[in-house]
>>> print(open('upload.cif').read())   # mmCIF, C-alpha atoms and all ligand atoms
data_target
loop_
_atom_site.label_atom_id
_atom_site.label_comp_id
_atom_site.auth_asym_id
_atom_site.auth_seq_id
_atom_site.Cartn_x
_atom_site.Cartn_y
_atom_site.Cartn_z
CA MET A 26 -76.79 108.61 184.18
CA GLU A 27 -76.22 104.89 184.58
CA ILE A 28 -72.64 105.44 185.74
CA LYS A 29 -73.73 107.97 188.37
CA LYS A 30 -76.23 105.45 189.74
CA ILE A 31 -73.60 102.76 189.96
CA ILE A 32 -71.19 105.11 191.71
CA SER A 33 -73.77 106.19 194.28
CA ILE A 34 -74.78 102.60 195.03
CA TRP A 35 -71.14 101.71 195.43
CA SER A 36 -70.45 104.58 197.78
CA ILE A 37 -73.43 103.66 199.95
CA LEU A 38 -72.19 100.08 200.05
CA VAL A 39 -68.64 101.02 200.95
CA PHE A 40 -69.83 103.49 203.57
CA SER A 41 -72.05 100.86 205.24
CA ILE A 42 -69.25 98.31 205.32
CA LEU A 43 -66.95 100.85 206.94
CA ALA A 44 -69.59 101.88 209.47
CA ILE A 45 -70.42 98.30 210.45
CA GLY A 46 -66.73 97.33 210.60
CA ASN A 47 -66.03 100.27 212.87
CA ARG A 48 -68.85 99.34 215.22
CA PHE A 49 -67.42 95.83 215.62
CA ALA A 50 -63.92 97.13 216.17
CA THR A 51 -64.94 99.45 219.03
CA ALA A 52 -67.20 96.81 220.60
CA GLU A 53 -64.43 94.21 220.65
CA GLU A 54 -61.68 96.33 222.10
CA PRO A 55 -61.95 96.44 225.90
CA SER A 56 -61.35 99.89 227.28
CA HIS A 57 -60.18 101.51 230.50
CA VAL A 58 -62.81 104.24 230.30
CA GLU A 59 -65.44 102.69 232.59
CA ALA A 60 -62.93 101.68 235.26
CA MET A 61 -61.42 105.17 235.14
CA ALA A 62 -64.80 106.80 235.64
CA ALA A 63 -65.80 104.42 238.45
CA ALA A 64 -62.52 104.71 240.36
CA THR A 65 -62.36 108.49 239.97
CA GLU A 66 -65.91 108.76 241.29
CA LYS A 67 -65.16 106.46 244.22
CA PHE A 68 -61.84 107.97 245.33
CA LYS A 69 -62.28 111.61 244.23
CA ILE A 70 -58.72 111.61 242.95
CA ASN A 71 -57.48 112.61 239.50
CA ILE A 72 -56.49 109.07 238.55
CA LYS A 73 -56.15 109.87 234.85
CA GLY A 74 -53.68 112.70 235.47
CA THR A 75 -51.79 110.76 238.15
CA PHE A 76 -51.46 107.71 235.90
CA ALA A 77 -50.51 109.82 232.86
CA SER A 78 -47.68 111.62 234.61
CA ASN A 79 -46.30 108.68 236.67
CA CYS A 80 -47.16 105.36 235.05
CA SER A 81 -47.88 105.92 231.34
CA TRP A 82 -44.25 105.92 230.19
CA CYS A 83 -43.99 102.24 231.20
CA HIS A 84 -47.60 101.01 231.27
CA GLY A 85 -49.41 101.79 228.01
CA LYS A 86 -52.97 102.91 227.36
CA PHE A 87 -53.76 103.51 231.05
CA GLY A 88 -52.84 99.93 231.93
CA MET A 89 -54.46 98.24 228.94
CA LYS A 90 -51.22 97.67 227.03
CA ALA A 91 -47.68 96.60 227.86
CA GLY A 92 -44.83 99.06 227.43
CA LYS A 93 -41.56 98.88 229.34
CA GLY A 94 -43.74 97.37 232.06
CA PRO A 95 -46.47 94.73 231.67
CA GLN A 96 -50.13 95.25 230.87
CA LEU A 97 -51.88 95.95 234.17
CA ALA A 98 -55.41 94.94 233.13
CA GLY A 99 -56.00 91.36 234.25
CA THR A 100 -53.08 91.35 236.72
CA GLU A 101 -52.82 88.20 238.85
CA LEU A 102 -51.86 90.25 241.91
CA THR A 103 -54.46 90.76 244.63
CA LEU A 104 -55.49 94.29 245.60
CA GLU A 105 -53.09 94.19 248.55
CA GLN A 106 -50.22 92.96 246.39
CA THR A 107 -51.00 95.64 243.82
CA ILE A 108 -50.89 98.36 246.50
CA GLU A 109 -47.64 96.86 247.76
CA ARG A 110 -46.08 96.81 244.27
CA ILE A 111 -46.99 100.43 243.52
CA SER A 112 -45.80 101.53 246.99
CA ASN A 113 -42.43 99.79 246.87
CA GLY A 114 -41.84 99.28 243.15
CA LYS A 115 -39.45 96.57 242.09
CA SER A 116 -35.73 96.98 242.29
CA GLY A 117 -34.18 97.75 238.91
CA MET A 118 -37.56 97.64 237.16
CA MET A 119 -40.10 100.01 238.63
CA PRO A 120 -39.65 102.98 240.99
CA PRO A 121 -41.46 103.06 244.38
CA TYR A 122 -44.37 105.49 244.58
CA LEU A 123 -45.50 105.63 248.20
CA LYS A 124 -43.38 108.69 249.02
CA VAL A 125 -44.06 110.37 245.68
CA LEU A 126 -47.84 109.99 245.63
CA GLY A 127 -48.94 109.19 249.18
CA LYS A 128 -51.11 106.35 250.43
CA GLU A 129 -54.45 107.63 249.11
CA LYS A 130 -53.31 108.00 245.50
CA VAL A 131 -51.49 104.64 245.56
CA GLU A 132 -54.63 102.92 246.85
CA ALA A 133 -56.82 104.68 244.29
CA LEU A 134 -54.48 103.59 241.47
CA ALA A 135 -54.46 99.99 242.74
CA ASN A 136 -58.24 99.90 242.92
CA TYR A 137 -58.46 101.38 239.43
CA ILE A 138 -56.10 98.66 238.11
CA LYS A 139 -58.23 95.93 239.73
CA MET A 140 -61.36 97.42 238.09
CA LEU A 141 -59.87 97.18 234.58
CA PRO A 142 -61.43 94.65 232.18
CA GLY A 143 -59.94 91.15 232.13
CA GLN A 144 -59.92 90.76 235.90
CA LYS A 145 -60.69 87.24 237.11
C1 LIG B 201 -39.81 102.76 234.77
C2 LIG B 201 -40.95 102.01 234.31
C3 LIG B 201 -42.17 101.89 235.22
C4 LIG B 201 -42.93 102.89 235.77
C5 LIG B 201 -42.74 104.39 235.65
C6 LIG B 201 -44.02 102.23 236.44
N1 LIG B 201 -43.90 100.87 236.33
FE1 LIG B 201 -45.14 99.47 237.08
N2 LIG B 201 -43.93 98.00 236.43
C7 LIG B 201 -42.79 98.18 235.67
C8 LIG B 201 -42.18 96.89 235.38
C9 LIG B 201 -40.93 96.64 234.56
C10 LIG B 201 -42.99 95.93 236.03
C11 LIG B 201 -42.77 94.41 236.04
C12 LIG B 201 -41.94 94.04 237.22
C13 LIG B 201 -41.88 92.53 237.36
O1 LIG B 201 -41.35 91.88 236.45
O2 LIG B 201 -42.41 92.02 238.34
C14 LIG B 201 -44.08 96.67 236.66
C15 LIG B 201 -45.09 96.06 237.38
C16 LIG B 201 -46.19 96.73 237.88
C17 LIG B 201 -47.29 96.10 238.55
C18 LIG B 201 -47.44 94.60 238.79
C19 LIG B 201 -48.13 93.97 237.60
C20 LIG B 201 -48.22 92.48 237.71
O3 LIG B 201 -49.26 91.94 237.29
O4 LIG B 201 -47.26 91.86 238.16
C21 LIG B 201 -48.19 97.07 238.89
C22 LIG B 201 -49.52 96.89 239.59
C23 LIG B 201 -47.62 98.32 238.44
N3 LIG B 201 -46.41 98.09 237.83
C24 LIG B 201 -48.23 99.55 238.59
C25 LIG B 201 -47.63 100.76 238.29
C26 LIG B 201 -48.22 102.05 238.58
C27 LIG B 201 -49.60 102.27 239.17
C28 LIG B 201 -47.32 102.99 238.18
C29 LIG B 201 -47.41 104.49 238.35
C30 LIG B 201 -47.67 104.98 239.67
C31 LIG B 201 -46.17 102.30 237.62
N4 LIG B 201 -46.40 100.94 237.71
C32 LIG B 201 -45.05 102.91 237.10
C33 LIG B 201 -42.29 99.38 235.22
C34 LIG B 201 -42.77 100.63 235.59
#
>>> encode(input="upload.cif", output="structure tokens")
Amino acid sequence: MEIKKIISIWSILVFSILAIGNRFATAEEPSHVEAMAAATEKFKINIKGTFASNCSWCHGKFGMKAGKGPQLAGTELTLEQTIERISNGKSGMMPPYLKVLGKEKVEALANYIKMLPGQK
């Protein structure tokens, strides 16, 4: 009887610690989700799909993490420079996308990147 009580108190304790810990973890980690929703709504373009099939293999977590390319969230480039970079790429580092995606998708992606958390 006593042992059962102790076990149930312990499991409640452990469960609460896990639940609280989890809440902090998700609150601290900035996410692309809001920017994705806002940019998709504004440009009526499938930004998630476009990013996933063209950019994700070098820019991780929809721009939130570095991969072969840098993290895009918090970029120091202006909107115009971001559009320019996606359009023309960078020789030997990143392919140009203007011809592949067209102006509208490139602009939507650039706006999405500038909406990501960490922007000054
Ligand atoms: C083959 C890998 C690769 C792919 C695919 C790729 N990039 Fe890049 N990207 C890079 C690299 C590498 C850099 C850094 C170049 C440099 O040093 O200036 C970069 C830089 C950038 C920058 C400038 C970031 C900054 O702050 O200087 C932007 C914006 C960007 N990429 C957006 C995109 C978008 C949007 C896509 C998809 C349409 C994409 N990239 C696809 C490799 C890639």
>>> residues_around(input="upload.cif", residues="region 98-106 of chain A", least_positions_apart="2", cutoff="7 Å", atoms="only C-alpha atoms", output="PDB file with C-alpha atoms, keeping the file's coordinate frame")
ATOM      1  CA  GLY A  88     -52.840  99.930 231.930  1.00  0.00           C
ATOM      2  CA  MET A  89     -54.460  98.240 228.940  1.00  0.00           C
ATOM      3  CA  GLN A  96     -50.130  95.250 230.870  1.00  0.00           C
ATOM      4  CA  ILE A 108     -50.890  98.360 246.500  1.00  0.00           C
ATOM      5  CA  GLU A 109     -47.640  96.860 247.760  1.00  0.00           C
ATOM      6  CA  ARG A 110     -46.080  96.810 244.270  1.00  0.00           C
ATOM      7  CA  ALA A 135     -54.460  99.990 242.740  1.00  0.00           C
ATOM      8  CA  ASN A 136     -58.240  99.900 242.920  1.00  0.00           C
ATOM      9  CA  ILE A 138     -56.100  98.660 238.110  1.00  0.00           C
ATOM     10  CA  LYS A 139     -58.230  95.930 239.730  1.00  0.00           C
ATOM     11  CA  LEU A 141     -59.870  97.180 234.580  1.00  0.00           C
ATOM     12  CA  PRO A 142     -61.430  94.650 232.180  1.00  0.00           C
ATOM     13  CA  GLY A 143     -59.940  91.150 232.130  1.00  0.00           C
ATOM     14  CA  GLN A 144     -59.920  90.760 235.900  1.00  0.00           C
ATOM     15  CA  LYS A 145     -60.690  87.240 237.110  1.00  0.00           C
TER      16      LYS A 145
END
>>> residues_near_ligand(input="upload.cif", ligand="ligand LIG 201 (chain B)", cutoff="7 Å", atoms="all atoms listed in the file", output="list in words")
Phe76, Asn79, Cys80, Ser81, Trp82, Cys83, His84, Lys93, Gly94, Pro95, Leu97, Thr100, Glu101, Leu102, Thr107, Arg110, Ile111, Gly114, Lys115, Met118, Met119, Pro120, Tyr122, Leu134, Ala135 and Ile138 of chain A
>>> atom_distance(input="upload.cif", atom1="CA of Glu59 (chain A)", atom2="CA of Tyr137 (chain A)")
9.9 Å
>>> atom_distance(input="upload.cif", atom1="CA of Lys130 (chain A)", atom2="CA of Ile70 (chain A)")
7.0 Å
>>> atom_distance(input="upload.cif", atom1="CA of Ala77 (chain A)", atom2="CA of Met61 (chain A)")
12.1 Å
>>> decode(input="upload.cif", residues="region 81-99 of chain A", atoms="N, CA and C atoms", output="tab-separated table (two decimals), in the first residue's frame")
chain	number	residue	atom	x	y	z
A	81	SER	N	15.34	23.40	-49.34
A	81	SER	CA	15.55	22.65	-48.08
A	81	SER	C	16.83	21.83	-48.06
A	82	TRP	N	17.31	21.37	-49.21
A	82	TRP	CA	18.52	20.54	-49.18
A	82	TRP	C	19.76	21.35	-48.84
A	83	CYS	N	19.69	22.67	-48.85
A	83	CYS	CA	20.83	23.48	-48.39
A	83	CYS	C	20.48	24.37	-47.20
A	84	HIS	N	19.24	24.78	-47.10
A	84	HIS	CA	18.83	25.66	-45.98
A	84	HIS	C	17.85	24.90	-45.10
A	85	GLY	N	18.30	24.54	-43.88
A	85	GLY	CA	17.53	23.64	-43.02
A	85	GLY	C	16.32	24.28	-42.37
A	86	LYS	N	15.40	23.41	-41.96
A	86	LYS	CA	14.22	23.80	-41.18
A	86	LYS	C	13.53	25.04	-41.73
A	87	PHE	N	13.28	25.06	-43.02
A	87	PHE	CA	12.60	26.18	-43.68
A	87	PHE	C	13.29	27.52	-43.40
A	88	GLY	N	14.61	27.50	-43.35
A	88	GLY	CA	15.38	28.73	-43.21
A	88	GLY	C	15.85	29.00	-41.79
A	89	MET	N	15.38	28.16	-40.85
A	89	MET	CA	15.72	28.42	-39.44
A	89	MET	C	17.08	27.85	-39.04
A	90	LYS	N	17.60	26.93	-39.87
A	90	LYS	CA	18.88	26.30	-39.52
A	90	LYS	C	19.82	26.28	-40.71
A	91	ALA	N	21.11	26.35	-40.44
A	91	ALA	CA	22.10	26.24	-41.50
A	91	ALA	C	22.20	24.79	-41.98
A	92	GLY	N	22.51	24.63	-43.25
A	92	GLY	CA	22.82	23.31	-43.80
A	92	GLY	C	24.08	23.50	-44.63
A	93	LYS	N	24.01	23.14	-45.93
A	93	LYS	CA	25.10	23.49	-46.83
A	93	LYS	C	25.15	25.01	-47.00
A	94	GLY	N	24.01	25.64	-46.92
A	94	GLY	CA	23.90	27.10	-46.96
A	94	GLY	C	23.64	27.64	-45.56
A	95	PRO	N	23.70	28.96	-45.40
A	95	PRO	CA	23.52	29.54	-44.06
A	95	PRO	C	22.06	29.54	-43.60
A	96	GLN	N	21.88	29.78	-42.31
A	96	GLN	CA	20.54	30.03	-41.78
A	96	GLN	C	20.00	31.29	-42.43
A	97	LEU	N	18.76	31.27	-42.86
A	97	LEU	CA	18.20	32.44	-43.54
A	97	LEU	C	17.50	33.40	-42.58
A	98	ALA	N	16.96	32.86	-41.48
A	98	ALA	CA	16.31	33.70	-40.48
A	98	ALA	C	17.34	34.68	-39.93
A	99	GLY	N	16.98	35.96	-39.90
A	99	GLY	CA	17.89	36.97	-39.37
A	99	GLY	C	18.93	37.42	-40.38
